[in-house]
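Here the structure is laid out as structure tokens; the discussion comes afterwards.
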Amino acid sequence: MNELKVLSYDLRKHVVDMIIAGKGGHIGGDMSVMEILVELYMKQMNISPENKDLDNRDRFVLSKGHSVESYYAVLAKKGFFPMEEVISTFSQFGSKFIGHPNNKLPGIEMNSGSLGHGLPVCVGMAMAGKMDRKDYRVYVVMGDGELAEGSVWEGAMAARVVFIPGAYPLWRCAVVDRNRLQISGCTEDVMGHDDLHERFRSFGWHVIDVADGNDIDQLDAAFEEAKTVKGKPTVLIANTVKGCGSPVMENKAAWHHKVPTAQEYSEIIRDFEKRKEALLHE
């Protein structure tokens, strides 16, 4: 588990390098979602370059598609494509590595970025698996600002309905990257969620609160609990920090989409190294 924690900071550096090379990117959300993606791809999901075309592979959709830089970094680390190519060509003319997920790339199930689509599409993926009597898992990661979209809650209702008692098992898990910031400020000021846990429960979901969504150990325990839940979908409310990894970025809405200056880059990378060192000495 400690290796995954250290890996999260190595991949953060790749993301920052990618954003500087491409002259743009959603760096704040990249940092908040990193441990979620690392835990999913390196520990939880049955997905690899070798089985990416098999019917029984696990499915994943990054509904908050603007955090694609972290997604590319994790997929590259998993072996779907070379990290060097991602960093050197990201967001440049003619590049395959565009600013939102591109399903022409190996390992990416769905183009995303128009918020609110990931959850209902994943319900459809899960229903297809049920009809085909497959036992693959379906995962989606959403942003908390995205939850203002009505299609999210239509998907939430549909997800509960398709769990028919006695039918072939259907397994799916949603994760909310609850960093409490969006492009226009604090989520609770823009369109407050009140008690997000009770809201999902009212739609028939099992809710797991992850107190620190940037902690691999807590995420691991939450995903393992989710596997034991039968008869209803599960959502993890992962309480994360936007810009996690450096005080330069942390909890600052201005870092939703920003390219670090040379000085900021030096400070950010230094902070990453400090946190890695602390993890290596735990």
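Residues are referred to by chain and number: the chain letter is A, B, ... according to the order shown in the structure tokens, the number counts from 1 in that chain, and ligands are numbered separately from 1 in the order shown.
For A:Ala278, the non-local neighbours within 12 Å, defined as residues at least 6 positions apart in the same chain or in other chains and counting only C-alpha atoms, are Asn2, Lys5, Val6, Tyr9, Asp271 and Phe272 of chain A.
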For N, CA and C atoms, I'd like the residues from the last selection saved as a JSON list (two decimals), in the first residue's frame.
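So the final result, stored in again.json, reads:
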```json
[["chain", "number", "residue", "atom", "x", "y", "z"],
["A", 2, "ASN", "N", 2.01, 1.19, 0.70],
["A", 2, "ASN", "CA", 2.88, 2.36, 0.74],
["A", 2, "ASN", "C", 3.44, 2.67, -0.65],
["A", 5, "LYS", "N", 0.99, 4.77, -2.42],
["A", 5, "LYS", "CA", 1.00, 6.15, -1.92],
["A", 5, "LYS", "C", 2.14, 6.95, -2.57],
["A", 6, "VAL", "N", 3.32, 6.33, -2.63],
["A", 6, "VAL", "CA", 4.46, 6.98, -3.27],
["A", 6, "VAL", "C", 4.21, 7.18, -4.76],
["A", 9, "TYR", "N", 2.40, 10.30, -5.86],
["A", 9, "TYR", "CA", 3.18, 11.54, -5.96],
["A", 9, "TYR", "C", 4.08, 11.53, -7.19],
["A", 271, "ASP", "N", 7.37, 20.19, -2.82],
["A", 271, "ASP", "CA", 6.36, 19.69, -1.87],
["A", 271, "ASP", "C", 6.04, 18.22, -2.12],
["A", 272, "PHE", "N", 5.95, 17.84, -3.39],
["A", 272, "PHE", "CA", 5.71, 16.42, -3.72],
["A", 272, "PHE", "C", 6.83, 15.55, -3.14]]
```
Exercise. Show which residues sit within 6 Å of A:Cys173, as a VMD selection string. Count only C-alpha atoms, and ignore same-chain residues fewer than 5 positions away.
Key: chain A and resid 139 234 to 235
Quick one: write out the picked residues with C-alpha atoms as a PDB file, in the first residue's frame?
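So out_22.pdb came out as:
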```
ATOM      1  CA  TYR A 139     -17.035   2.049 -11.732  1.00  0.00           C
ATOM      2  CA  THR A 234     -22.811   1.760  -3.698  1.00  0.00           C
ATOM      3  CA  VAL A 235     -21.368   5.261  -3.695  1.00  0.00           C
TER       4      VAL A 235
END
```
Quiz item: Near A:Ile20, counting only C-alpha atoms, which residues have an atom at most 12 Å away, once you skip same-chain residues fewer than 4 positions from it, shown as a list in words?
Solution: Lys13, His14, Val15, Val16, Gly24, Gly25, His26, Ile27, Glu69, Ile87, Ser88, Thr89, Phe90, Ser91, Gln92, His257, Lys258, Val259, Pro260, Thr261, Ala262, Glu264 and Tyr265 of chain A
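For the choices A:Met83, A:Leu62, A:Leu54, A:Val68, the atom-to-atom distance to A:Glu109 is smallest for A:Leu62 when using only C-alpha atoms.
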Exercise. Please measure the separation of atom CA of A:Met142 and atom CA of A:Ser48, giving the value in Å to one decimal.
Key: 22.1 Å
Quiz prompt | Among the residues A:Gly243, A:Gly185, A:Gly155, A:Gly107, the one that comes closest to A:Phe203 [using only C-alpha atoms] | solution =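 Looking at the shortest contact to A:Phe203, the residue is A:Gly155.
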A:Arg275 surroundings by only C-alpha atoms, 12 Å radius, close-in-sequence under 2 positions cut, as a PDB file with N, CA, C and O atoms, in the first residue's frame:
```pdb
ATOM      1  N   LYS A   5       0.994   4.770  -2.422  1.00  0.00           N
ATOM      2  CA  LYS A   5       1.001   6.152  -1.919  1.00  0.00           C
ATOM      3  C   LYS A   5       2.138   6.947  -2.566  1.00  0.00           C
ATOM      4  O   LYS A   5       1.959   8.091  -2.996  1.00  0.00           O
ATOM      5  N   VAL A   6       3.315   6.334  -2.635  1.00  0.00           N
ATOM      6  CA  VAL A   6       4.464   6.983  -3.267  1.00  0.00           C
ATOM      7  C   VAL A   6       4.207   7.176  -4.760  1.00  0.00           C
ATOM      8  O   VAL A   6       4.494   8.243  -5.329  1.00  0.00           O
ATOM      9  N   LEU A   7       3.639   6.156  -5.391  1.00  0.00           N
ATOM     10  CA  LEU A   7       3.320   6.249  -6.815  1.00  0.00           C
ATOM     11  C   LEU A   7       2.406   7.435  -7.102  1.00  0.00           C
ATOM     12  O   LEU A   7       2.559   8.115  -8.126  1.00  0.00           O
ATOM     13  N   SER A   8       1.465   7.706  -6.223  1.00  0.00           N
ATOM     14  CA  SER A   8       0.541   8.826  -6.422  1.00  0.00           C
ATOM     15  C   SER A   8       1.283  10.141  -6.572  1.00  0.00           C
ATOM     16  O   SER A   8       0.874  11.012  -7.346  1.00  0.00           O
ATOM     17  N   TYR A   9       2.398  10.296  -5.857  1.00  0.00           N
ATOM     18  CA  TYR A   9       3.176  11.539  -5.965  1.00  0.00           C
ATOM     19  C   TYR A   9       4.081  11.534  -7.188  1.00  0.00           C
ATOM     20  O   TYR A   9       4.298  12.583  -7.811  1.00  0.00           O
ATOM     21  N   ASP A  10       4.589  10.362  -7.575  1.00  0.00           N
ATOM     22  CA  ASP A  10       5.343  10.293  -8.830  1.00  0.00           C
ATOM     23  C   ASP A  10       4.450  10.675 -10.009  1.00  0.00           C
ATOM     24  O   ASP A  10       4.861  11.421 -10.909  1.00  0.00           O
ATOM     25  N   ARG A  12       1.761  12.504  -9.878  1.00  0.00           N
ATOM     26  CA  ARG A  12       1.438  13.935  -9.799  1.00  0.00           C
ATOM     27  C   ARG A  12       2.481  14.762 -10.557  1.00  0.00           C
ATOM     28  O   ARG A  12       2.148  15.724 -11.245  1.00  0.00           O
ATOM     29  N   CYS A 244      -4.440  18.710  -4.041  1.00  0.00           N
ATOM     30  CA  CYS A 244      -3.725  17.952  -3.015  1.00  0.00           C
ATOM     31  C   CYS A 244      -2.286  17.644  -3.428  1.00  0.00           C
ATOM     32  O   CYS A 244      -2.029  17.182  -4.537  1.00  0.00           O
ATOM     33  N   GLY A 245      -1.375  17.906  -2.509  1.00  0.00           N
ATOM     34  CA  GLY A 245       0.031  17.609  -2.751  1.00  0.00           C
ATOM     35  C   GLY A 245       0.953  18.775  -2.500  1.00  0.00           C
ATOM     36  O   GLY A 245       2.140  18.595  -2.217  1.00  0.00           O
ATOM     37  N   SER A 246       0.413  19.992  -2.588  1.00  0.00           N
ATOM     38  CA  SER A 246       1.241  21.182  -2.378  1.00  0.00           C
ATOM     39  C   SER A 246       0.377  22.326  -1.868  1.00  0.00           C
ATOM     40  O   SER A 246      -0.679  22.619  -2.450  1.00  0.00           O
ATOM     41  N   PRO A 247       0.816  23.018  -0.813  1.00  0.00           N
ATOM     42  CA  PRO A 247       0.083  24.190  -0.325  1.00  0.00           C
ATOM     43  C   PRO A 247      -0.071  25.282  -1.376  1.00  0.00           C
ATOM     44  O   PRO A 247      -0.950  26.139  -1.254  1.00  0.00           O
ATOM     45  N   ILE A 268       5.999  23.367  -6.100  1.00  0.00           N
ATOM     46  CA  ILE A 268       5.090  22.210  -6.143  1.00  0.00           C
ATOM     47  C   ILE A 268       5.879  20.906  -6.152  1.00  0.00           C
ATOM     48  O   ILE A 268       5.576  19.977  -5.388  1.00  0.00           O
ATOM     49  N   ILE A 269       6.892  20.818  -6.985  1.00  0.00           N
ATOM     50  CA  ILE A 269       7.687  19.592  -7.069  1.00  0.00           C
ATOM     51  C   ILE A 269       8.430  19.347  -5.755  1.00  0.00           C
ATOM     52  O   ILE A 269       8.528  18.198  -5.292  1.00  0.00           O
ATOM     53  N   ARG A 270       8.913  20.394  -5.133  1.00  0.00           N
ATOM     54  CA  ARG A 270       9.572  20.254  -3.834  1.00  0.00           C
ATOM     55  C   ARG A 270       8.589  19.704  -2.793  1.00  0.00           C
ATOM     56  O   ARG A 270       8.946  18.819  -1.994  1.00  0.00           O
ATOM     57  N   ASP A 271       7.368  20.190  -2.817  1.00  0.00           N
ATOM     58  CA  ASP A 271       6.359  19.693  -1.868  1.00  0.00           C
ATOM     59  C   ASP A 271       6.043  18.222  -2.120  1.00  0.00           C
ATOM     60  O   ASP A 271       5.876  17.443  -1.176  1.00  0.00           O
ATOM     61  N   PHE A 272       5.947  17.842  -3.391  1.00  0.00           N
ATOM     62  CA  PHE A 272       5.711  16.420  -3.721  1.00  0.00           C
ATOM     63  C   PHE A 272       6.829  15.555  -3.138  1.00  0.00           C
ATOM     64  O   PHE A 272       6.575  14.496  -2.558  1.00  0.00           O
ATOM     65  N   GLU A 273       8.078  15.996  -3.308  1.00  0.00           N
ATOM     66  CA  GLU A 273       9.213  15.210  -2.831  1.00  0.00           C
ATOM     67  C   GLU A 273       9.211  15.095  -1.306  1.00  0.00           C
ATOM     68  O   GLU A 273       9.545  14.044  -0.754  1.00  0.00           O
ATOM     69  N   GLU A 277       9.035  11.609   0.712  1.00  0.00           N
ATOM     70  CA  GLU A 277      10.034  11.241   1.734  1.00  0.00           C
ATOM     71  C   GLU A 277       9.362  10.837   3.033  1.00  0.00           C
ATOM     72  O   GLU A 277       9.754   9.869   3.679  1.00  0.00           O
ATOM     73  N   ALA A 278       8.331  11.580   3.411  1.00  0.00           N
ATOM     74  CA  ALA A 278       7.614  11.245   4.651  1.00  0.00           C
ATOM     75  C   ALA A 278       6.978   9.860   4.537  1.00  0.00           C
ATOM     76  O   ALA A 278       7.003   9.071   5.504  1.00  0.00           O
ATOM     77  N   LEU A 279       6.436   9.528   3.387  1.00  0.00           N
ATOM     78  CA  LEU A 279       5.820   8.218   3.189  1.00  0.00           C
ATOM     79  C   LEU A 279       6.862   7.110   3.223  1.00  0.00           C
ATOM     80  O   LEU A 279       6.617   6.032   3.786  1.00  0.00           O
ATOM     81  N   LEU A 280       8.025   7.357   2.658  1.00  0.00           N
ATOM     82  CA  LEU A 280       9.079   6.347   2.614  1.00  0.00           C
ATOM     83  C   LEU A 280       9.645   6.043   3.999  1.00  0.00           C
ATOM     84  O   LEU A 280      10.220   4.974   4.225  1.00  0.00           O
ATOM     85  N   HIS A 281       9.453   6.979   4.930  1.00  0.00           N
ATOM     86  CA  HIS A 281       9.971   6.781   6.291  1.00  0.00           C
ATOM     87  C   HIS A 281       8.883   6.402   7.285  1.00  0.00           C
ATOM     88  O   HIS A 281       9.132   6.373   8.485  1.00  0.00           O
ATOM     89  N   GLU A 282       7.696   6.108   6.792  1.00  0.00           N
ATOM     90  CA  GLU A 282       6.626   5.683   7.712  1.00  0.00           C
ATOM     91  C   GLU A 282       6.921   4.302   8.273  1.00  0.00           C
ATOM     92  O   GLU A 282       7.421   3.423   7.551  1.00  0.00           O
TER      93      GLU A 282
END
```
Self-check item: Within 8 Å of stretch 204-209 of chain A using only C-alpha atoms, minus same-chain residues under 4 positions, as a ChimeraX atom specification
Solution: /A:157,160,197,200,222,226,229,232-239
Self-check item: Coordinates-based distance that separates atom CA of A:Ala73 from atom CA of A:Asn46 (Å, one decimal)
Solution: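 Atom CA of A:Ala73 lies at a distance of 18.1 Å from atom CA of A:Asn46.
The coordinates place atom CA of A:Gly213 at 26.7 Å from atom CA of A:Gly124.
For stretch 103-269 of chain A, the set of residues given strand (DSSP E or B) by DSSP on the backbone reads Val138, Tyr139, Val140, Val141, Met142, Gly143, Arg172, Cys173, Ala174, Val175, Val176, Asp177, Arg178, Leu181, Gln182, Gly185, Cys186, His206, Val207, Ile208, Asp209, Val210, Thr234, Val235, Leu236, Ile237, Ala238 and Asn239 of chain A.
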Exercise. From a DSSP pass on the backbone, collect the residues of stretch 147-247 of chain A flagged as alpha helix (DSSP H) and hand them back as a ChimeraX atom specification.
Key: /A:150-161,187-191,196-202,216-227
Take the residues from that selection and write them out as a tab-separated table (two decimals), in the first residue's frame, keeping N, CA, C and O atoms.
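Heads up, here's the output in result05.tsv:
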```
chain	number	residue	atom	x	y	z
A	150	GLY	N	-29.04	17.25	-13.53
A	150	GLY	CA	-30.21	16.40	-13.28
A	150	GLY	C	-30.04	14.98	-13.77
A	150	GLY	O	-30.60	14.03	-13.19
A	151	SER	N	-29.25	14.78	-14.83
A	151	SER	CA	-29.05	13.43	-15.37
A	151	SER	C	-28.36	12.52	-14.36
A	151	SER	O	-28.52	11.29	-14.42
A	152	VAL	N	-27.59	13.09	-13.45
A	152	VAL	CA	-26.96	12.28	-12.40
A	152	VAL	C	-28.02	11.57	-11.57
A	152	VAL	O	-27.94	10.37	-11.29
A	153	TRP	N	-29.05	12.31	-11.20
A	153	TRP	CA	-30.06	11.76	-10.30
A	153	TRP	C	-31.04	10.86	-11.04
A	153	TRP	O	-31.58	9.91	-10.47
A	154	GLU	N	-31.23	11.09	-12.34
A	154	GLU	CA	-31.99	10.12	-13.13
A	154	GLU	C	-31.23	8.79	-13.18
A	154	GLU	O	-31.82	7.71	-13.07
A	155	GLY	N	-29.90	8.89	-13.36
A	155	GLY	CA	-29.08	7.69	-13.35
A	155	GLY	C	-29.11	7.00	-12.01
A	155	GLY	O	-29.13	5.76	-11.92
A	156	ALA	N	-29.11	7.79	-10.93
A	156	ALA	CA	-29.15	7.21	-9.59
A	156	ALA	C	-30.43	6.43	-9.36
A	156	ALA	O	-30.43	5.35	-8.75
A	157	MET	N	-31.55	6.96	-9.85
A	157	MET	CA	-32.83	6.23	-9.73
A	157	MET	C	-32.80	4.95	-10.54
A	157	MET	O	-33.21	3.88	-10.07
A	158	ALA	N	-32.29	5.04	-11.78
A	158	ALA	CA	-32.26	3.87	-12.65
A	158	ALA	C	-31.36	2.79	-12.08
A	158	ALA	O	-31.66	1.59	-12.18
A	159	ALA	N	-30.25	3.19	-11.47
A	159	ALA	CA	-29.32	2.21	-10.90
A	159	ALA	C	-30.00	1.37	-9.84
A	159	ALA	O	-29.77	0.16	-9.74
A	160	ARG	N	-30.84	1.99	-9.04
A	160	ARG	CA	-31.53	1.25	-7.97
A	160	ARG	C	-32.57	0.31	-8.55
A	160	ARG	O	-32.73	-0.84	-8.10
A	161	VAL	N	-33.27	0.74	-9.57
A	161	VAL	CA	-34.37	-0.06	-10.14
A	161	VAL	C	-33.86	-1.36	-10.75
A	161	VAL	O	-34.52	-2.39	-10.67
A	187	THR	N	-18.56	24.66	-3.93
A	187	THR	CA	-19.79	23.98	-4.38
A	187	THR	C	-20.99	24.38	-3.54
A	187	THR	O	-22.10	24.49	-4.05
A	188	GLU	N	-20.76	24.59	-2.26
A	188	GLU	CA	-21.89	24.89	-1.37
A	188	GLU	C	-22.41	26.30	-1.57
A	188	GLU	O	-23.55	26.61	-1.20
A	189	ASP	N	-21.61	27.17	-2.16
A	189	ASP	CA	-22.07	28.51	-2.50
A	189	ASP	C	-22.75	28.54	-3.86
A	189	ASP	O	-23.69	29.31	-4.08
A	190	VAL	N	-22.27	27.69	-4.77
A	190	VAL	CA	-22.83	27.68	-6.13
A	190	VAL	C	-24.17	26.95	-6.15
A	190	VAL	O	-25.18	27.46	-6.66
A	191	MET	N	-24.20	25.74	-5.63
A	191	MET	CA	-25.43	24.97	-5.53
A	191	MET	C	-25.21	23.90	-4.47
A	191	MET	O	-24.68	22.82	-4.75
A	196	LEU	N	-25.23	15.18	1.45
A	196	LEU	CA	-25.07	14.38	0.25
A	196	LEU	C	-25.28	12.89	0.53
A	196	LEU	O	-25.80	12.15	-0.30
A	197	HIS	N	-24.90	12.47	1.74
A	197	HIS	CA	-25.08	11.06	2.11
A	197	HIS	C	-26.56	10.69	2.13
A	197	HIS	O	-26.98	9.68	1.56
A	198	GLU	N	-27.35	11.51	2.78
A	198	GLU	CA	-28.79	11.23	2.87
A	198	GLU	C	-29.46	11.32	1.49
A	198	GLU	O	-30.42	10.60	1.21
A	199	ARG	N	-28.95	12.21	0.66
A	199	ARG	CA	-29.53	12.33	-0.68
A	199	ARG	C	-29.36	11.02	-1.45
A	199	ARG	O	-30.31	10.51	-2.04
A	200	PHE	N	-28.15	10.45	-1.43
A	200	PHE	CA	-27.95	9.18	-2.12
A	200	PHE	C	-28.74	8.06	-1.45
A	200	PHE	O	-29.30	7.19	-2.14
A	201	ARG	N	-28.81	8.07	-0.14
A	201	ARG	CA	-29.59	7.03	0.55
A	201	ARG	C	-31.05	7.09	0.15
A	201	ARG	O	-31.72	6.06	0.02
A	202	SER	N	-31.56	8.30	-0.05
A	202	SER	CA	-32.97	8.43	-0.44
A	202	SER	C	-33.24	7.85	-1.82
A	202	SER	O	-34.39	7.53	-2.16
A	216	ILE	N	-4.82	6.27	0.62
A	216	ILE	CA	-4.97	4.98	-0.05
A	216	ILE	C	-5.56	3.93	0.89
A	216	ILE	O	-6.41	3.12	0.48
A	217	ASP	N	-5.14	3.92	2.14
A	217	ASP	CA	-5.64	2.92	3.09
A	217	ASP	C	-7.15	3.04	3.26
A	217	ASP	O	-7.88	2.04	3.27
A	218	GLN	N	-7.64	4.27	3.42
A	218	GLN	CA	-9.08	4.48	3.61
A	218	GLN	C	-9.85	4.13	2.34
A	218	GLN	O	-10.94	3.55	2.42
A	219	LEU	N	-9.30	4.47	1.19
A	219	LEU	CA	-9.97	4.12	-0.07
A	219	LEU	C	-10.03	2.61	-0.23
A	219	LEU	O	-11.06	2.05	-0.63
A	220	ASP	N	-8.94	1.93	0.09
A	220	ASP	CA	-8.90	0.48	-0.04
A	220	ASP	C	-9.97	-0.18	0.83
A	220	ASP	O	-10.71	-1.06	0.37
A	221	ALA	N	-10.09	0.27	2.07
A	221	ALA	CA	-11.11	-0.29	2.97
A	221	ALA	C	-12.51	-0.02	2.44
A	221	ALA	O	-13.40	-0.89	2.53
A	222	ALA	N	-12.74	1.15	1.87
A	222	ALA	CA	-14.06	1.50	1.36
A	222	ALA	C	-14.44	0.64	0.16
A	222	ALA	O	-15.57	0.14	0.05
A	223	PHE	N	-13.50	0.45	-0.77
A	223	PHE	CA	-13.80	-0.39	-1.94
A	223	PHE	C	-14.03	-1.85	-1.54
A	223	PHE	O	-14.87	-2.54	-2.12
A	224	GLU	N	-13.29	-2.32	-0.54
A	224	GLU	CA	-13.50	-3.69	-0.08
A	224	GLU	C	-14.88	-3.84	0.57
A	224	GLU	O	-15.56	-4.84	0.38
A	225	GLU	N	-15.31	-2.82	1.31
A	225	GLU	CA	-16.66	-2.85	1.87
A	225	GLU	C	-17.70	-2.86	0.76
A	225	GLU	O	-18.70	-3.59	0.83
A	226	ALA	N	-17.47	-2.06	-0.27
A	226	ALA	CA	-18.43	-1.97	-1.37
A	226	ALA	C	-18.66	-3.33	-2.02
A	226	ALA	O	-19.77	-3.64	-2.45
A	227	LYS	N	-17.62	-4.16	-2.08
A	227	LYS	CA	-17.75	-5.48	-2.70
A	227	LYS	C	-18.70	-6.39	-1.94
A	227	LYS	O	-19.22	-7.36	-2.51
```
Exercise. Would you mind listing what lies within 8 Å of A:Asp58 as a PyMOL selection string, with only C-alpha atoms counted and same-chain residues fewer than 5 positions away left out?
Key: chain A and resi 45-47+136-139
Quiz item: Got a sec: who's within 12 Å of A:Glu50, counting only C-alpha atoms, leaving out chain neighbours fewer than 6 positions off, as an NGL selection string?
Solution: :A and (57 or 78-80 or 106-107)
Quiz item: From the list A:Leu37, A:Glu84, A:Lys52, A:Met1, which residue is nearest A:Ala21 when using only C-alpha atoms?
Solution: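 Smallest separation from A:Ala21 among the options: A:Glu84.
Proximity of A:Asp177, A:Asp30, A:Lys43, A:Gly22 to A:Ser95, computed with only C-alpha atoms, is greatest for A:Gly22.
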